[in-house]
Every structure is written in C-alpha cells, then in structure tokens.
Number of protein chains: 2
Amino acid sequence: MTLETVLERIDSDIGEATDRLLDLLRIPSISTDPAFKDHCDNAADWLVSDLQTLGVTTEKRPTQGHPMVVGHVDGPGPHLLFYGHYDVQPVDPLDLWDRDPFDPAIEETPAGKVIRGRGSSDDKGQLMTFIEACRAWKAVHGSLPCKITFFLEGEEESGSPSLVPFMQENAKELTTDIALICDTGLFESAVPAITTQLRGLLGEDFTITGPDRDLHSGMYGGLAMNPIRVLSKILAGLHDETGAVTVPGFYEDVPELADEIRAQWQGLNFDHETYLGDVGLKEPAGEQDRTPLEQIWSRPTCDVNGIWGGYTGDGFKTVLPSQASAKLSFRLVGQQDPDKIRESFRNYLESNLPAGFTVEYRTEKGSPASQMTIDDPAFEKARKALSDEWPRPAAYVGCGGSIPIAGYFKDILGVDSMLIGFGKDDDQIHSPNEKYDLESFHKGTRSWARILHELTR
Amino acid sequence: MTLETVLERIDSDIGEATDRLLDLLRIPSISTDPAFKDHCDNAADWLVSDLQTLGVTTEKRPTQGHPMVVGHVDGPGPHLLFYGHYDVQPVDPLDLWDRDPFDPAIEETPAGKVIRGRGSSDDKGQLMTFIEACRAWKAVHGSLPCKITFFLEGEEESGSPSLVPFMQENAKELTTDIALICDTGLFESAVPAITTQLRGLLGEDFTITGPDRDLHSGMYGGLAMNPIRVLSKILAGLHDETGAVTVPGFYEDVPELADEIRAQWQGLNFDHETYLGDVGLKEPAGEQDRTPLEQIWSRPTCDVNGIWGGYTGDGFKTVLPSQASAKLSFRLVGQQDPDKIRESFRNYLESNLPAGFTVEYRTEKGSPASQMTIDDPAFEKARKALSDEWPRPAAYVGCGGSIPIAGYFKDILGVDSMLIGFGKDDDQIHSPNEKYDLESFHKGTRSWARILHELTR
C-alpha cells in the first residue's frame, strides 16, 4: 500500500506545503514589467533551491529574458517532463484587490478555504502540486518514482519569447517519453480533466481604403462608396444563417469528433445556458447543428475582435471616412492550415472590394490546432488516477483557447503532452483577487501522486 | 443704362473693394475659440461701421454668444433680407499655411489672381460681394434700390447656437419678401447656380451590448454571439444589392424630380468620373437607377460615419467584446420625416438583435430637407441676372449637405431663400490656404448688382 502511504504523507504535510506555496507567492515575479526582473530571478532561485532538496539536479539557465529552471533526476522509466511557469500577471487595477496581491494568505470563504494572492492559481499553486507530490513520494520512498525532467518557465505571461529558441537549443536534453503540463483546470470546476485538443489561432488585422481622404457626407453621401459599408458587408458575409463560416474551403480539414470522445462529452452534461447566462447571454451563436461543447472545443470559428473607422468621438461628424479597419481571429481545429485559411479569407475579402478599393494587412503568425493522440497508454492511466481521486470520473476534454506549449513539445521535441490541472472557473486568474482553492491544491497534489503511481507501476 | 453704370462703377472700384475685404480678413474672428471673442466683436463693429456708410441703420445686437449685425434701409419694394456670416473657422494646422492666415493678400496663381486668407471665401469674401454691389448702387443712384434688411451672423462656424432664439425673438423685424443667402458656390466652379433643394439630416449614435463583459474568444468563441458580428449584419443589411436603403418605408415621402429640374441637371453634364476620381474612387455607390447628381442632391442616403468596438490598439487581443457602436446618418429629401425614419430604423435594428442583446441610443435631433418653391418670380429673375453675367447659363441645383439657415427662414419667418454664391471647389474652405478667386469676388459683386436690378425694375 505504498500509494496510500504517499497520500497520507501529503495529507499530514498539507500545512507545511501551503506555507511553502505562500513563500513562493510572496515573490512578485511579474514577467512583463522590466521593473520586476530581479523578482523573477528570485522566484527561479527559490525553485532551484526547492528542487535541490528533492535530490533533483537543478540549474537556473539564462535566456535573453527571464531564466528557465531546468532540473533532472534519474530513475527507472518512463521519462517524464513536467512543465509549469513561475511568472505571474501584473496586478492592476490594484484598488480592486481586497488584499496586497503579494501578501498571500489562506482565507475562509462560504465555499471553503482558498489561497488568495497573485499566481496562486496561475501558475505557482498548480506547479507546486506536482512538486509537493514528488516531495511526499521522496519522503516515503527515499527517491522519486521515475526519471523526471523539470522545465519551469518565467515568461509564459509575457508571450514566452525565449521558449522556442531554448527548446530548439536544448532539444535533446528536454526530449522525454511524455510531457505533463499543469496549467489548465477542472471541467466546470468539478470534473477532473485531461485536455487533449486545443484550437489553433489565425489573426488577420487589416485596413480597407476607399476614397483617398475623408469626405463630407453631404457632398459625397450616396455617390461615394463608404468603406465602413464595404467592411460591414464583408464581415456580415463571414457567417451563413446557420452560423457556419463561409470562407471557401474552411471546413475541408476539420475532422469529425471520434465517437468515444463525443460520448464522453455528452456525459459531461455541459450546462450551456448557465455558461452563457453567467455573462448575460441567452442563445448559442455557433453552428446550429453542433452541440455547445463542440462549438467551443472542436469546431473552428471566426470572430471579429476589433473594428474601427470614421469619427468615434462625442457628438456627430458627417464624415464619409477614407478607411475602415478590423481585427479578426479564426480559431482552428484538426488539420486546418493557417496559411491556407488566410489565403482563402483574403481571396474572399478582395473579391468583395469595389473597384479602386485597396486593403492593407498587418500580418500575424498563425498556429495550427493541437490534437493529442491518446493511444499512448499513459492517457488512460492518468485518467484512472484522476477518477480515483475525485468524486466524478475524469474526462478527455477540449479547450477553445490555444496553449502553444503543447504544440511546441510536439513540433520541436516530438513529445505528446498531457494537460492536467486543477483550476476552477472562479479562480479569477489575470484578475484582481486571484485565488486557488485549498481543495485544488490538496487534491491536485494527491492526483499527481496517483498519476505517478499509475505511470510507474 | 443705369445697370451698366453700376457695373462700371464696380469695375473701377474693384481695387478699393478688395482693400476693404483685406481689411475685414485681417480680423481673426474665429467663433469657436473663446480666446478670439474680442476679435469677433471687432468684426461685427467693422461691419456696422461699413453698412452705416451706405446709409443703412445698423446695430450690433447682443446674444448669449457673438453679436448679430442687423441693419435696415428703407426703400420701395420688394423687401429683401441678406444673410451672411462674419465668423471664420480655426486655422489649424497652421504649419500647412503658406502665409499667415490673418495677413491676407492678393496672390498671382497660374489660374489667375486669388485673395488668400482665412475667411476669404467662407464667408467674408462672399458677404462683401453683396455689400460692394450695394455700395456701387448707392454711389451711382444716391440710394439703394429697395428695402433691404442685413442680417449678419457671427456663430455660423460654431453651430449657430444663438440663431434660432434670435430669429424667434425678432421674427417680425426679420420677416421680408425673400431672403438672399450668400454662402454657396458655383456648380463645378463654372456654372452660376441657385440652390433650391438641400437635404435634411438624421443622426443615430448607438451601442449594442451582448455579453455583459468582454469575453476570451478561446473560452467563448463560437458559442457566444459577438456584438460586432451583430452590428456588421445590421449595417450590411441597410442597403440592398441595387444600392437602395432597406429601412421600411424609407422612400415613402421621397418625391420624384420635376421634369424641368431633371432636364436642367442633365444639361449640366456632371462629370461624376472626375468628381469621384479626384478623391480616388471609381464607381458610384448609390441607387443604380438614379443619375449621379440625383444620388447627391435629390435622393436620400444612409451612411455610417463611425464604427468602433473591441480591441483597436497595436497587436492582437483575442477578445470577444461586450459592445459594438456606430454613428449613422441619413440624408433626407422631400417630405421624409426624421422622426418617422428614426422609428423605422430602430424597429429594423431591434428586430435584428439576438435575444438578450440590448441597444442604447444617444439621440441627435433630426432636420427635414429644404425644398424651395421656385414659383416666386424672383427665382427666374435672379437666374436671368446670373446668366447675363457669367459665360454659362445659371441653373437650379441641389445641395447634398444641410444648410440649416434656409430651413429656419422658412420655418420661423415663413420666408423662402435664394442661395446664391460664387465659391469654387478648390477654395479650401475650412482648410489651410483658403482663397477666393478675384473673379469670384468681382463677378459675384456684379452678379448681385444685376440681381438687384432684375428684382426691382
């Protein structure tokens, strides 16, 4: 009953584990603000020291930006890589916090105890669940259960500029059998989840120019084509009446959901009315013949993220503007190729420009979707471990957003990732009063112990 | 041959007339900027003194803003009112001027002599054409030809806030047989014109709200309806494929053009390709079954003057915004009722909002179109006078913009207006390097002498 002993150790150590987390949370490691550079460095040092106490050979590795923390511990197979990030988001607006974001504490709330402070959920609390599981294992067994590489980043909240070059330069060192990424959440704050598909992203930022100057709508209105009218028509034409995206060929490389995954998602009984109702909406807007979960997780989308043109100040100006602009993004799935979609969209746009109109693009790099191949038995083992720990069985879920790190592991290292995390929907990550439930921290740590047990027995 | 004598007097006096105009142009009477308040007052004083030299009983009349200049001279019928404005636009950006805007001068250009300076065309040069015609008449005849009321405003360039109250309070004093307004131009810089129809204006400034906060397009994209998508569809639906406006009932009170006016307009041989080509456009955008001049002058329109929503800064933010906003304006003609059009537009908009979406309007007052009844023989007399002076015969033309003053004369005083002016398309009014052709000033003055002759003989 060695797993039970490890879990008991986690339970008895939870107070000290929480103190360690509070200690790490006190370091204001805001990566995007150069004024906090030394603090980022201090957080990296803290992790190096802590991992060394577990017998992990750990170094702070310099980059052009904040350092990476890389640690190795030898052992029997399999070889795991664990990824988390020690940097945090800025804290503005500070006046909306009920406490100093870097003076964290355990608070009692009607829903139970929470760890309050910047980074508690994203991602220091999450990454410490794995480290605490390792600590308990080591305390019970004297060593970690298998060969593990720790890879902790300090620039995730500022676009990870050093990540790809670092992975490319150190590809051999970082290549393992599988990667574990702890930066996601429980499904609906309750169901343990392994995220196996992430949507890709393609941005298009462009300006349409019609007349070569702003015109007076009294002098030209009616006769001169208005770029905002042209833009509106182009944007309105991007969806048909069933909610499908009309860009030619858009759905060509979109796979149907596997029956097994479809059945699992149906079993989740996703309450889309509450999900939308919580933000003031009533009706799903996506493809009418797809379930709400499919609309978010496994179907591609097109959204306008910004639009501007003409006079937008107070009062009125009867201007017929020279230009109109928009920022669009496409969420991609399956094998959709960002370059192909971009080309098709631009053909559609340009074929709808009146004679003499021009368009200028401000190009953004696109990224394809990530789809994990769950054939590796590690996935089912992890799912069993999570199901054993939590009241409800674990599910393979999708994620509507893009978490580029999983794609990098696959593309650069050829390594599949299991994205497992314990955040809840109300953790207020990136916002004031960020928190991490003590339950997330405690059961998260126990979850990793169970996963290590399943993967290595 | 008394008219010939007056015209000869105008010709021989043109140098001194120009000097008087330069004198008036040196007063920086920018009405919108409180720092120039005393200068506005000085311009009013200048005009009072000048009119008094013509035997016109003239006063500077106080308002909440800049003063009105009101003068009366008795005589035989008809009783004419002459309107102009002595205030000018601001001069920014000053560095684009080739000379001090308030140090005016006669300049030689390849196209002939021009009077360069702020207000030369809009409207000091124009209003002085009428006063100089009166001066020559008085010099020849010893008195003016008929009963005339002079009504000169100092707030036209800042929205005329005092105009309506002043007209209401002094309605009896200002009521005449007909009003002459000198604030328009020659058609295509060459054809003398009497503007007999002006489009009205209805503004709609509104914000659509969908979700009650900005959403992450990864979390909600596909499932949550995007307000920019809703707004684009609403705006795109405002015109059909033939360029007609689709708001229900929009064309109900739009009259067909009288055959005589249609024939005159066709005779103008409007070169819409050059008109559009000059601002970088190639194709007319209005109703396909209407001529370009009808599209600008006698057909109602709908234009988006501004649009905004979501993230519009540098780079990308995958936000699914809570709100999207637009400013629309409708140019109205005939008997179109602004209130009725507003209601119909709002019904259309609201019937296209998804369940749970709301709209907030920032109301702007609408104004109906002005259509002069040219049955008054004064119109044909003035047209003859203009045709006698200029190489090409004069035409009744429309104006796509709104000149509220003509509507006020009609609504408050019951007086029809003849809008006659001599500005050219390249006068750069409201812009740096404003000018007025010496030809406009000289032949404009001669035109008024001819009009006075025709109206009073």
# chains A, B, ... in the order shown; residues from 1 in each chain; ligands from 1

$ select_by_dssp --residues "range 203-402 of chain A" --states "alpha helix (DSSP H)" --output "PyMOL selection string"
chain A and resi 217-220+227-236+259-267+272-277+292-297+338-351+377-389

$ residues_around --residues "range 73-88 of chain B" --least-positions-apart "2" --cutoff "7 Å" --atoms "only C-alpha atoms" --output "ChimeraX atom specification"
/B:29-31,40,43,56-57,71,90,118-119,122-124,127,145-157,176-183,456

$ residues_around --residues "range 336-340 of chain B" --least-positions-apart "5" --cutoff "12 Å" --atoms "only C-alpha atoms" --output "JSON, numbers by chain"
{"B": [199, 200, 201, 202, 203, 204, 247, 248, 249, 250, 251, 252, 253, 254, 255, 298, 299, 300, 301, 329, 330, 331, 345, 346, 347, 363, 364, 365, 366, 367, 368, 369, 370, 371]}

$ write_last_selection --atoms "C-alpha atoms" --output "mmCIF file, in the first residue's frame"
data_model
loop_
_atom_site.group_PDB
_atom_site.id
_atom_site.type_symbol
_atom_site.label_atom_id
_atom_site.label_comp_id
_atom_site.auth_asym_id
_atom_site.auth_seq_id
_atom_site.Cartn_x
_atom_site.Cartn_y
_atom_site.Cartn_z
ATOM 1 C CA ARG B 199 -31.020 67.532 -47.926
ATOM 2 C CA GLY B 200 -32.077 67.098 -44.329
ATOM 3 C CA LEU B 201 -30.134 65.110 -41.771
ATOM 4 C CA LEU B 202 -30.915 62.481 -39.174
ATOM 5 C CA GLY B 203 -28.181 61.123 -36.917
ATOM 6 C CA GLU B 204 -28.256 57.884 -34.970
ATOM 7 C CA VAL B 247 -35.288 50.704 -43.903
ATOM 8 C CA PRO B 248 -39.029 50.010 -44.261
ATOM 9 C CA GLY B 249 -40.953 52.983 -45.601
ATOM 10 C CA PHE B 250 -37.756 54.915 -46.280
ATOM 11 C CA TYR B 251 -38.790 56.070 -49.763
ATOM 12 C CA GLU B 252 -42.457 56.762 -48.971
ATOM 13 C CA ASP B 253 -42.128 60.543 -48.786
ATOM 14 C CA VAL B 254 -39.443 60.929 -51.424
ATOM 15 C CA PRO B 255 -40.757 62.906 -54.400
ATOM 16 C CA SER B 298 -32.230 64.615 -54.516
ATOM 17 C CA ARG B 299 -32.025 61.078 -53.177
ATOM 18 C CA PRO B 300 -31.941 60.146 -49.508
ATOM 19 C CA THR B 301 -28.962 58.213 -48.193
ATOM 20 C CA SER B 329 -26.552 59.498 -40.616
ATOM 21 C CA PHE B 330 -29.406 59.651 -43.025
ATOM 22 C CA ARG B 331 -29.576 62.464 -45.570
ATOM 23 C CA PHE B 345 -34.697 52.342 -38.421
ATOM 24 C CA ARG B 346 -34.896 51.457 -34.740
ATOM 25 C CA ASN B 347 -37.565 48.840 -35.423
ATOM 26 C CA THR B 363 -30.226 60.821 -29.618
ATOM 27 C CA GLU B 364 -29.440 63.578 -32.076
ATOM 28 C CA LYS B 365 -32.046 65.992 -33.353
ATOM 29 C CA GLY B 366 -33.040 65.452 -36.969
ATOM 30 C CA SER B 367 -33.853 68.093 -39.569
ATOM 31 C CA PRO B 368 -36.030 67.632 -42.639
ATOM 32 C CA ALA B 369 -34.974 68.586 -46.150
ATOM 33 C CA SER B 370 -35.492 72.103 -47.519
ATOM 34 C CA GLN B 371 -37.145 72.462 -50.883
#

$ interface_residues --of "chain B" --to "chain A" --cutoff "6 Å" --atoms "only C-alpha atoms" --output "PyMOL selection string"
chain B and resi 211-212+218-219+222-225+232-233+236+279-282+284-286+295-296+301+305-312+318-320+356+400-401

$ residues_around --residues "Asp437 in chain A" --least-positions-apart "2" --cutoff "6 Å" --atoms "only C-alpha atoms" --output "ChimeraX atom specification"
/A:114,439-440

$ write_last_selection --atoms "N, CA and C atoms" --output "short mmCIF file (atom, residue, chain, number, x, y, z; two decimals), in the first residue's frame"
data_model
loop_
_atom_site.label_atom_id
_atom_site.label_comp_id
_atom_site.auth_asym_id
_atom_site.auth_seq_id
_atom_site.Cartn_x
_atom_site.Cartn_y
_atom_site.Cartn_z
N VAL A 114 -9.52 29.11 0.70
CA VAL A 114 -8.82 29.45 -0.54
C VAL A 114 -7.48 30.08 -0.22
N GLU A 439 -8.71 22.98 -1.76
CA GLU A 439 -9.07 21.66 -2.30
C GLU A 439 -8.30 21.38 -3.60
N SER A 440 -8.20 22.42 -4.46
CA SER A 440 -7.45 22.23 -5.71
C SER A 440 -6.00 21.86 -5.41
#

$ decode --residues "range 82-117 of chain A" --atoms "N, CA and C atoms" --output "compact mmCIF listing (two decimals), in the first residue's frame"
# COMPACT_ATOMS: atom_id res chain seq x y z
N PHE A 82 8.03 17.58 -16.71
CA PHE A 82 6.97 18.38 -16.08
C PHE A 82 7.19 19.86 -16.42
N TYR A 83 6.12 20.51 -16.93
CA TYR A 83 6.19 21.93 -17.28
C TYR A 83 5.22 22.77 -16.43
N GLY A 84 5.74 23.88 -15.94
CA GLY A 84 4.88 24.88 -15.30
C GLY A 84 5.56 26.24 -15.48
N HIS A 85 4.95 27.31 -15.02
CA HIS A 85 5.62 28.62 -15.12
C HIS A 85 5.54 29.38 -13.80
N TYR A 86 6.66 30.04 -13.49
CA TYR A 86 6.75 30.71 -12.19
C TYR A 86 6.46 32.20 -12.29
N ASP A 87 6.24 32.72 -13.49
CA ASP A 87 5.93 34.15 -13.60
C ASP A 87 4.43 34.36 -13.47
N VAL A 88 4.06 35.60 -13.15
CA VAL A 88 2.65 35.92 -12.92
C VAL A 88 2.26 37.16 -13.73
N GLN A 89 0.94 37.35 -13.81
CA GLN A 89 0.37 38.52 -14.48
C GLN A 89 0.58 39.78 -13.63
N PRO A 90 0.55 40.96 -14.25
CA PRO A 90 0.50 42.21 -13.48
C PRO A 90 -0.74 42.24 -12.58
N VAL A 91 -0.76 43.18 -11.63
CA VAL A 91 -1.84 43.17 -10.64
C VAL A 91 -2.86 44.29 -10.81
N ASP A 92 -2.65 45.18 -11.79
CA ASP A 92 -3.61 46.27 -11.99
C ASP A 92 -4.98 45.70 -12.34
N PRO A 93 -6.06 46.35 -11.94
CA PRO A 93 -6.09 47.53 -11.08
C PRO A 93 -6.01 47.15 -9.60
N LEU A 94 -4.98 47.69 -8.97
CA LEU A 94 -4.65 47.31 -7.60
C LEU A 94 -5.77 47.61 -6.62
N ASP A 95 -6.55 48.68 -6.90
CA ASP A 95 -7.58 49.07 -5.93
C ASP A 95 -8.76 48.10 -5.91
N LEU A 96 -8.80 47.18 -6.85
CA LEU A 96 -9.88 46.18 -6.83
C LEU A 96 -9.50 44.93 -6.03
N TRP A 97 -8.27 44.89 -5.54
CA TRP A 97 -7.85 43.77 -4.68
C TRP A 97 -8.31 44.02 -3.25
N ASP A 98 -8.72 42.96 -2.60
CA ASP A 98 -9.10 43.08 -1.18
C ASP A 98 -7.90 42.91 -0.26
N ARG A 99 -6.75 42.51 -0.83
CA ARG A 99 -5.53 42.44 -0.03
C ARG A 99 -4.34 42.67 -0.96
N ASP A 100 -3.20 42.92 -0.38
CA ASP A 100 -1.96 43.03 -1.15
C ASP A 100 -1.77 41.74 -1.95
N PRO A 101 -1.70 41.84 -3.27
CA PRO A 101 -1.60 40.62 -4.09
C PRO A 101 -0.37 39.77 -3.79
N PHE A 102 0.66 40.41 -3.19
CA PHE A 102 1.89 39.67 -2.88
C PHE A 102 2.07 39.47 -1.37
N ASP A 103 0.96 39.60 -0.63
CA ASP A 103 0.94 39.21 0.77
C ASP A 103 -0.16 38.15 0.90
N PRO A 104 0.09 36.96 0.34
CA PRO A 104 -0.96 35.94 0.22
C PRO A 104 -1.34 35.38 1.57
N ALA A 105 -2.52 34.78 1.63
CA ALA A 105 -2.99 34.17 2.88
C ALA A 105 -4.07 33.13 2.59
N ILE A 106 -4.28 32.29 3.56
CA ILE A 106 -5.42 31.37 3.49
C ILE A 106 -6.64 32.14 3.99
N GLU A 107 -7.69 32.13 3.21
CA GLU A 107 -8.93 32.81 3.62
C GLU A 107 -10.05 31.80 3.71
N GLU A 108 -10.92 32.03 4.68
CA GLU A 108 -12.14 31.21 4.77
C GLU A 108 -13.20 31.85 3.88
N THR A 109 -13.84 31.07 3.06
CA THR A 109 -14.95 31.60 2.26
C THR A 109 -16.13 30.64 2.43
N PRO A 110 -17.34 31.08 2.06
CA PRO A 110 -18.50 30.19 2.17
C PRO A 110 -18.28 28.88 1.42
N ALA A 111 -17.47 28.91 0.36
CA ALA A 111 -17.25 27.69 -0.43
C ALA A 111 -16.04 26.89 0.05
N GLY A 112 -15.42 27.32 1.16
CA GLY A 112 -14.26 26.60 1.67
C GLY A 112 -13.02 27.48 1.70
N LYS A 113 -11.89 26.88 2.11
CA LYS A 113 -10.65 27.64 2.22
C LYS A 113 -10.04 27.90 0.85
N VAL A 114 -9.52 29.11 0.70
CA VAL A 114 -8.82 29.45 -0.54
C VAL A 114 -7.48 30.08 -0.22
N ILE A 115 -6.55 29.89 -1.15
CA ILE A 115 -5.24 30.56 -1.08
C ILE A 115 -5.36 31.79 -1.96
N ARG A 116 -5.29 32.98 -1.32
CA ARG A 116 -5.53 34.22 -2.07
C ARG A 116 -4.22 34.92 -2.37
N GLY A 117 -4.02 35.31 -3.61
CA GLY A 117 -2.80 36.05 -3.98
C GLY A 117 -2.51 35.88 -5.45
